[in-house]
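Participant: I'd like to ask some things about the structure below.
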Amino acid sequence: MGRVTDTHAAPTPSSFAEEFLDELHFELGVSRETASPTDLYVALARAVRRHLVEGWFDTLSTQLGGDSKFVAYLSAEYLLGRQLENALLATGLTEVARDALDGLGLSLDELSEQEVEPGLGNGGLGRLAACFIDSLATMDVPAVGYGIRYEYGIFRQTFVDGRQVEQADDWLALGSPWEIPHPEMAVTVGFGGHTEEPAGTGEGTADGAPGPDARQWVPGWTVEAVPYNYLVPGYGTRNVNTLRLWSARATKAFNLEIFNSGDYEAAVRGQTYAENISKVLYPEDSTPQGKELRLQQQYFFVAASLADTIARALGDGDLHALPDRVVFQLNDTHPVIAIPEMMRLLVDVHGLGWDEAWDLTRRSFNYTCHTLLPEALEIWSVDLLGRLLPRHLEIIYRINEEFLASLRDSGGNELQVRRMSIIQEQPERAVRMAYLATVGSTKVNGVAALHSQLLRDAVLHDFSDLWPEKFTNVTNGITPRRFVRLANPGLSALLDETVGTGWVKDLDQLRGLEAHAEDPEFRRGFRDVKAANKQRLVDLLATRDGLHLPTDALYDVMVKRLHEYKRQMLKVLHVVTLYDQVRSGALDPADVTPRVVVFGAKAAPGYRMAKDIIALVNAVAATIDADPALAGRLQIAFPANYNVTLAEKLIPAADLSEQISLAGKEASGTGNMKFALNGALTIGTLDGANVEIRDLVGDDNFFLFGMTEPEAEALGQAGYDPGSFYEQDPALKSAIDLIASGAFSHGDPTAFESIVSDLLWKDRFMVLADYRAYLDAQSRVEAAYADPDAWTRSAILNVARSGFFSSDRSIRDYLDRIWHAPAVPARSNG
Ligand code: 26Q
């Protein structure tokens, strides 16, 4: 037969070509001549996937065979990015595949371009989860990522007349070659219904008689959760971990019942209802809406994951060993319903007493908080929770009762008790998920040093007073495999030559670059890499977006979700000011540092202000483009649909990284780390991980500006008046007046009136207060950029000193401080 199954022997281009053709012919059923580019990509992906499977089997048998502890990472989002190149890198097959395809007259790079990235996340939180599972696999840590297989990921953004329009992200339209469905392993998940006294016979409990605290939940309806496995290859190891995403399917029983009643249409409607649960990723980041379907999604994936975890960790072993076999990490509050679900399993299903169950649960869970914005803290109305998950609400009430009783016992006053209650009473009775997570976890961590400190001092202050040892910090990180090795091959080659190849798994080795920062030859090589990356970006944006950009300019890049607290508006005001000054003759165009300002940002579809700001950016871009005075000097590029794939091309081309949130609002940021590691200098506030970046790279190699968090807090307390900043700074006044005049909206002064009036009267994130400091910092950027040697030296030092921001280091911190799960290298069984 044509099938090549010996994946043990090191593949050669010819054996790999055979595997590729085998997939194309026998699995896809198309000939070489009639194959579409997608067919060829799918065949290639499947040929590569074959080489992950042996390692995956070995990993599973090693991990399940021993009594190792494993990490269950619970996250509603995984923003994976493309898989093919990462899988080739991990298996070491990149060159073999390239040669094999060359021999067939095909191009690896062209086929790679066919891949539609799985955008199963909104932004930072989802991308963090993807970096973490990469590091866990690379470090041989037994770990499973659990999440949702959304049929539609984050929307595709287009611009119509400069305004954002969303389109469905039909990423599965042509199937995904990376997933392995297991319909036979579906888990049933219940919803609704009521609770009652458990039957005396112990019916419905696994361990016989019901325990003393047990209740019986009789769900009103159920759905099936079908697991889809994604292989997560470690780099430079045999280890291949699992990402298990759940897809909703209507249960047979559910359908049969209605079919038998003869109502065919109702049956089909029921099916659609059930399958809606994993239909689409909610595109809000940071302003949860309290939608019923969102809660269904959360419970759906959590219930399936817990059932799966317990089976995997314990088999029919002793439940008391749970905290020694598995540690759950809650990625923000989205999976926090896992805490009452674990209690339900232990108390109702397995008959444990409440106290014992609570002890086991608390010892097994940990919670990561990713925000500081009060409006981003998830709450669920008691009304909704009680309807959808009646037993869980009872459990939450009891957790809260006992917690509040313990507070009172230890002398807490009623004010404190009310403040700390898991149940909020006003404006409506609702469950505070962050509080539930904190009470039900062993450790609570923030995602950067400043953020963790602010959690202790403000958001969770009462809890940190009560349980100081519960709180810790784990600064975020990014995977150097994707964001340096794959995204920046030029820099990678230079690093390999200079410090050896070990940096890919041990990013601290980049320190070895410091000595070369003074070497003119090395600096030239470094500058050449940056220039080539700019050229690559310019070529891409020409074909992808029809943009015509110079390569010989300062690339000033701000890419992240559009949110007022991130202050894209501050960047806009800078550009408008430059334009205004040239127009008015105050600034000679010849004195403007040639600059391309790149924006990339999606706005939540219902976030009006964010969408207006997108329209303004596009309007300013068009106005500047139409003005010959600034040709070749200043340009805005706003490619639509910023995603992981575009980030991989944009970040390596950047000179300047914009990290300009109001201090105290950005929990960490991770883009900031990606830029520094790719040799961009940061202009930034003392917010999130910027603080740590600056500490490490040195003040001389970082453009700091703006208020500190305490200063911003104090200004707010004193009664912030944006109008006074407007009145007192003529450049600021003129820039805002220009926007208000309709100069960017064909003379229509109403187009951006909501932005202007918000800035002048509210300006919640104090854009105007930091405007002058930002402009001054930009002047320092221009002065520094005028000295290419000094600039390059700083850029090199940014790379050399940013090894700390590897997600491998983050994972090591989680292991040491929170998880205590040793690495278990996969043993070969072959
Ligand atoms: C919740 C409920 C309902 C609908 C949507 C949501 C939701 C979805 C996504 C709420 C928040 C998010 C995403 C948050 C996020 O990405 N936070 C970022 O996390 C990064 C990783 O820690 C940090 O670097 C960023 O600072 C933080 O903003």
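Chain identifiers are assigned as A, B, and so on, following the order in which chains appear in the structure tokens; residues are numbered from 1 within each chain, and ligands are numbered from 1 in order of appearance.
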Quick one: residues within 6 Å of ligand 1, with only C-alpha atoms and all ligand atoms, as a list in words?

Facilitator: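 Residues lying within 6 Å of ligand 1: Asn122, Gly123, Gly124, Leu125, Leu128, Tyr282, Glu284, Asp285, Ser286, Pro288, Gln289, His370, Thr371, Val447, Glu666, Ala667, Ser668, Gly669 and Thr670 of chain A.
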
Participant: Could you save those same residues with N, CA and C atoms as a JSON list (two decimals), in the first residue's frame?

Facilitator:
```json
[["chain", "number", "residue", "atom", "x", "y", "z"],
["A", 122, "ASN", "N", -9.83, 36.75, 22.27],
["A", 122, "ASN", "CA", -10.01, 38.17, 21.99],
["A", 122, "ASN", "C", -8.70, 38.94, 21.88],
["A", 123, "GLY", "N", -7.76, 38.61, 22.73],
["A", 123, "GLY", "CA", -6.54, 39.40, 22.79],
["A", 123, "GLY", "C", -5.57, 38.81, 23.78],
["A", 124, "GLY", "N", -5.09, 39.65, 24.69],
["A", 124, "GLY", "CA", -4.00, 39.27, 25.58],
["A", 124, "GLY", "C", -4.23, 38.00, 26.38],
["A", 125, "LEU", "N", -5.43, 37.88, 26.95],
["A", 125, "LEU", "CA", -5.70, 36.73, 27.82],
["A", 125, "LEU", "C", -5.66, 35.41, 27.04],
["A", 128, "LEU", "N", -2.08, 34.70, 25.91],
["A", 128, "LEU", "CA", -1.29, 34.23, 27.05],
["A", 128, "LEU", "C", -1.49, 32.73, 27.25],
["A", 282, "TYR", "N", -17.57, 35.27, 22.37],
["A", 282, "TYR", "CA", -18.02, 36.64, 22.66],
["A", 282, "TYR", "C", -16.88, 37.61, 22.43],
["A", 284, "GLU", "N", -16.46, 40.69, 23.32],
["A", 284, "GLU", "CA", -16.15, 41.73, 24.30],
["A", 284, "GLU", "C", -14.91, 41.30, 25.05],
["A", 285, "ASP", "N", -13.95, 42.19, 25.16],
["A", 285, "ASP", "CA", -12.95, 41.92, 26.17],
["A", 285, "ASP", "C", -13.10, 43.02, 27.19],
["A", 286, "SER", "N", -13.23, 42.64, 28.42],
["A", 286, "SER", "CA", -13.25, 43.54, 29.56],
["A", 286, "SER", "C", -14.57, 44.20, 29.93],
["A", 288, "PRO", "N", -17.93, 42.51, 30.45],
["A", 288, "PRO", "CA", -18.88, 41.39, 30.38],
["A", 288, "PRO", "C", -20.32, 41.88, 30.45],
["A", 289, "GLN", "N", -21.16, 41.24, 29.64],
["A", 289, "GLN", "CA", -22.54, 41.72, 29.50],
["A", 289, "GLN", "C", -23.56, 40.92, 30.31],
["A", 370, "HIS", "N", -6.80, 39.19, 35.66],
["A", 370, "HIS", "CA", -6.18, 39.88, 34.53],
["A", 370, "HIS", "C", -6.62, 41.32, 34.39],
["A", 371, "THR", "N", -7.25, 41.87, 35.38],
["A", 371, "THR", "CA", -7.77, 43.22, 35.18],
["A", 371, "THR", "C", -7.69, 44.05, 36.44],
["A", 447, "VAL", "N", -0.78, 39.60, 37.11],
["A", 447, "VAL", "CA", 0.00, 39.22, 35.94],
["A", 447, "VAL", "C", 1.21, 40.11, 35.67],
["A", 666, "GLU", "N", -3.62, 49.00, 32.74],
["A", 666, "GLU", "CA", -3.24, 47.81, 31.97],
["A", 666, "GLU", "C", -2.63, 46.80, 32.93],
["A", 667, "ALA", "N", -3.27, 45.65, 33.07],
["A", 667, "ALA", "CA", -2.79, 44.69, 34.06],
["A", 667, "ALA", "C", -1.33, 44.33, 33.80],
["A", 668, "SER", "N", -1.03, 43.96, 32.57],
["A", 668, "SER", "CA", 0.35, 43.62, 32.24],
["A", 668, "SER", "C", 0.72, 44.12, 30.85],
["A", 669, "GLY", "N", -0.05, 43.66, 29.86],
["A", 669, "GLY", "CA", 0.38, 43.80, 28.48],
["A", 669, "GLY", "C", 1.34, 42.65, 28.19],
["A", 670, "THR", "N", 1.30, 42.16, 26.97],
["A", 670, "THR", "CA", 2.26, 41.15, 26.54],
["A", 670, "THR", "C", 2.87, 41.55, 25.20]]
```

Participant: Would you mind writing down, as a PyMOL selection string, each residue of segment 458-508 of chain A that DSSP on the backbone assigns to strand (DSSP E or B)?

Facilitator: chain A and resi 471-473+478

Participant: For Leu108 of chain A, work out the shell of residues within 7 Å, counting only C-alpha atoms and skipping chain neighbours fewer than 4 positions away, then give it as a ChimeraX atom specification.

Facilitator: /A:98,101,112

Participant: Mind dumping the selected residues with C-alpha atoms as an mmCIF file, in the first residue's frame?

Facilitator:
```cif
data_model
loop_
_atom_site.group_PDB
_atom_site.id
_atom_site.type_symbol
_atom_site.label_atom_id
_atom_site.label_comp_id
_atom_site.auth_asym_id
_atom_site.auth_seq_id
_atom_site.Cartn_x
_atom_site.Cartn_y
_atom_site.Cartn_z
ATOM 1 C CA ARG A 98 10.644 22.593 2.214
ATOM 2 C CA LEU A 101 7.741 20.417 -1.648
ATOM 3 C CA SER A 112 1.709 28.079 4.803
#
```

Participant: Please identify all polymer residues within 9 Å of Met766 of chain A, counting only C-alpha atoms, omitting same-chain residues fewer than 4 positions from it, and present them as a ChimeraX atom specification.

Facilitator: /A:565,567,662,712,716,720,722,759,762,770-771

Participant: I need the residues from that last selection saved to file as a compact mmCIF listing (two decimals), in the first residue's frame (with C-alpha atoms), if you can.

Facilitator:
```txt
# COMPACT_ATOMS: atom_id res chain seq x y z
CA TYR A 565 -7.87 52.96 28.78
CA ARG A 567 -5.31 55.45 24.91
CA LEU A 662 -3.05 55.31 31.82
CA ALA A 712 -3.27 59.58 38.34
CA GLY A 716 -8.86 61.78 39.94
CA TYR A 720 -9.86 66.01 37.17
CA PRO A 722 -9.64 67.98 31.22
CA LEU A 759 -12.23 64.35 25.87
CA LYS A 762 -14.90 63.47 30.90
CA ASP A 770 -0.55 63.16 29.75
CA TYR A 771 -0.53 64.83 26.33
```

Participant: For each of A:Glu414, A:Arg481, A:Gly220, A:Ile811, take the minimum atom-to-atom distance to Ala823 of chain A, counting only C-alpha atoms, then give the residue where this is smallest.

Facilitator: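 Residue with the minimum atom-to-atom distance to Ala823 of chain A: A:Ile811.
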
Participant: Can I get the residues of segment 484-576 of chain A within 9 Å of segment 646-658 of chain A, each with the closest pair of atoms and their distance in Å to one decimal, using only C-alpha atoms, sorted chain first then ascending number, as a Markdown table?

Facilitator:
```
| residue | atom | partner | partner_atom | distance |
| --- | --- | --- | --- | --- |
| A:Val484 | CA | A:Pro652 | CA | 8.2 |
| A:Leu486 | CA | A:Glu648 | CA | 8.0 |
| A:Ala487 | CA | A:Glu648 | CA | 4.9 |
| A:Asn488 | CA | A:Pro652 | CA | 6.0 |
| A:Leu491 | CA | A:Pro652 | CA | 8.6 |
| A:Val529 | CA | A:Ala653 | CA | 8.9 |
| A:Lys530 | CA | A:Ala653 | CA | 5.9 |
| A:Ala531 | CA | A:Ala653 | CA | 7.5 |
| A:Ala532 | CA | A:Ala653 | CA | 8.1 |
| A:Asn533 | CA | A:Ala653 | CA | 4.8 |
| A:Lys534 | CA | A:Ala653 | CA | 4.7 |
| A:Gln535 | CA | A:Ala653 | CA | 8.2 |
| A:Arg536 | CA | A:Lys649 | CA | 7.6 |
| A:Leu537 | CA | A:Lys649 | CA | 6.0 |
| A:Leu540 | CA | A:Lys649 | CA | 8.3 |
| A:Leu554 | CA | A:Asp655 | CA | 6.1 |
| A:Tyr555 | CA | A:Ala654 | CA | 5.0 |
| A:Asp556 | CA | A:Leu656 | CA | 4.7 |
| A:Val557 | CA | A:Ser657 | CA | 5.5 |
| A:Met558 | CA | A:Glu658 | CA | 5.0 |
| A:Val559 | CA | A:Glu658 | CA | 8.0 |
| A:Lys571 | CA | A:Glu658 | CA | 8.3 |
```

Participant: Kindly give the distance, in Å, that separates atom CA of Thr792 of chain A and atom CA of Leu578 of chain A, rounded to a single decimal.

Facilitator: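 A separation of 25.0 Å between them.
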
Participant: One decimal, Å: what's the distance from atom CA of Leu510 of chain A over to atom CA of Ile796 of chain A, could you say?

Facilitator: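 Result for atom CA of Leu510 of chain A versus atom CA of Ile796 of chain A: 9.9 Å, one decimal.
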
Participant: Given the choices A:Ile755, A:Ala586, A:Ile693, A:Leu549, which gets closest to Gly803 of chain A if the distance is worked out from only C-alpha atoms?

Facilitator: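 Once distances to Gly803 of chain A are computed over only C-alpha atoms, the minimum belongs to A:Ile693.
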
Participant: Restricting the calculation to only C-alpha atoms, which member of A:Gly477, A:Val767, A:Leu587, A:Leu388 is positioned closest to Gln568 of chain A?

Facilitator: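 Among the listed residues, the smallest separation from Gln568 of chain A belongs to A:Val767.
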
Participant: Could you find all residues in segment 410-616 of chain A that DSSP calls helix (DSSP H, G or I) from the backbone, and write them as an MDAnalysis selection string?

Facilitator: chainID A and resid 414:420 433:439 449:459 461:466 468:470 480:486 489:499 502:504 507:518 520:545 564:566 568:583 589:591 608:616

Participant: Can you pull out the residues contacting segment 418-430 of chain A? Cut-off 8 Å, using only C-alpha atoms, and skip same-chain residues under 3 positions away; I want them as a PyMOL selection string.

Facilitator: chain A and resi 379-383+397+400+404+414-415+433+435-436+462-463

Participant: For Arg344 of chain A, list every protein, DNA or RNA residue within 10 Å, evaluated using only C-alpha atoms, and leave out those in the same chain fewer than 5 positions away; present the list as a list in words.

Facilitator: Asp213, Ala214, Arg215, Gln216, Trp217, Ala338, Ile339, Val349, His350, Gly351, Leu352, Trp354, Ala357, Arg391, His392, Glu394 and Ile395 of chain A

Participant: Neighbouring residues of Val326 of chain A were defined as those with any atom within 7 Å, considering only C-alpha atoms; residues of the same chain fewer than 4 positions away were excluded. Please report them as a PDB file with N, CA and C atoms, in the first residue's frame.

Facilitator:
```
ATOM      1  N   LYS A  69       1.636  14.608  39.028  1.00  0.00           N
ATOM      2  CA  LYS A  69       0.606  15.630  39.175  1.00  0.00           C
ATOM      3  C   LYS A  69       0.484  16.355  37.853  1.00  0.00           C
ATOM      4  N   PHE A  70      -0.714  16.730  37.443  1.00  0.00           N
ATOM      5  CA  PHE A  70      -0.790  17.505  36.217  1.00  0.00           C
ATOM      6  C   PHE A  70      -1.586  18.791  36.371  1.00  0.00           C
ATOM      7  N   VAL A  71      -1.249  19.710  35.492  1.00  0.00           N
ATOM      8  CA  VAL A  71      -1.863  21.025  35.488  1.00  0.00           C
ATOM      9  C   VAL A  71      -3.061  20.999  34.545  1.00  0.00           C
ATOM     10  N   ALA A  72      -4.221  21.392  35.058  1.00  0.00           N
ATOM     11  CA  ALA A  72      -5.393  21.559  34.196  1.00  0.00           C
ATOM     12  C   ALA A  72      -5.622  23.063  34.052  1.00  0.00           C
ATOM     13  N   ALA A 313      -7.159  12.001  36.280  1.00  0.00           N
ATOM     14  CA  ALA A 313      -6.243  12.117  37.414  1.00  0.00           C
ATOM     15  C   ALA A 313      -6.402  10.948  38.384  1.00  0.00           C
ATOM     16  N   LEU A 322      -6.902  13.973  45.254  1.00  0.00           N
ATOM     17  CA  LEU A 322      -7.103  14.957  44.182  1.00  0.00           C
ATOM     18  C   LEU A 322      -6.055  16.077  44.153  1.00  0.00           C
ATOM     19  N   SER A 364      -7.135  22.502  45.443  1.00  0.00           N
ATOM     20  CA  SER A 364      -6.899  22.154  44.032  1.00  0.00           C
ATOM     21  C   SER A 364      -6.966  23.344  43.080  1.00  0.00           C
TER      22      SER A 364
END
```

Participant: Compare A:Asp763, A:Glu375, A:Glu469, A:Asp789 by their minimum atom-to-atom distance to Ala517 of chain A, counting only C-alpha atoms, and give me the closest one.

Facilitator: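 When distances to Ala517 of chain A are compared using only C-alpha atoms, the smallest one comes from A:Asp789.
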
Participant: When distances are computed from only C-alpha atoms, which of A:Ile148, A:Ala601, A:Leu174, A:Met139 shows the smallest separation from Glu115 of chain A?

Facilitator: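 Checking each candidate against Glu115 of chain A, we get A:Leu174 as the closest.
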
Participant: Using atom CA of Pro594 of chain A and atom CA of Asp552 of chain A as the two end points, give the distance in Å to one decimal.

Facilitator: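 So the two atoms, atom CA of Pro594 of chain A and atom CA of Asp552 of chain A, lie 7.6 Å apart.
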
Participant: Nearest to Ser278 of chain A: which of A:Phe805, A:Tyr150, A:Phe403, A:Trp178 is it, counting only C-alpha atoms?

Facilitator: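 Going through A:Phe805, A:Tyr150, A:Phe403, A:Trp178 one by one, the smallest distance to Ser278 of chain A is for A:Tyr150.
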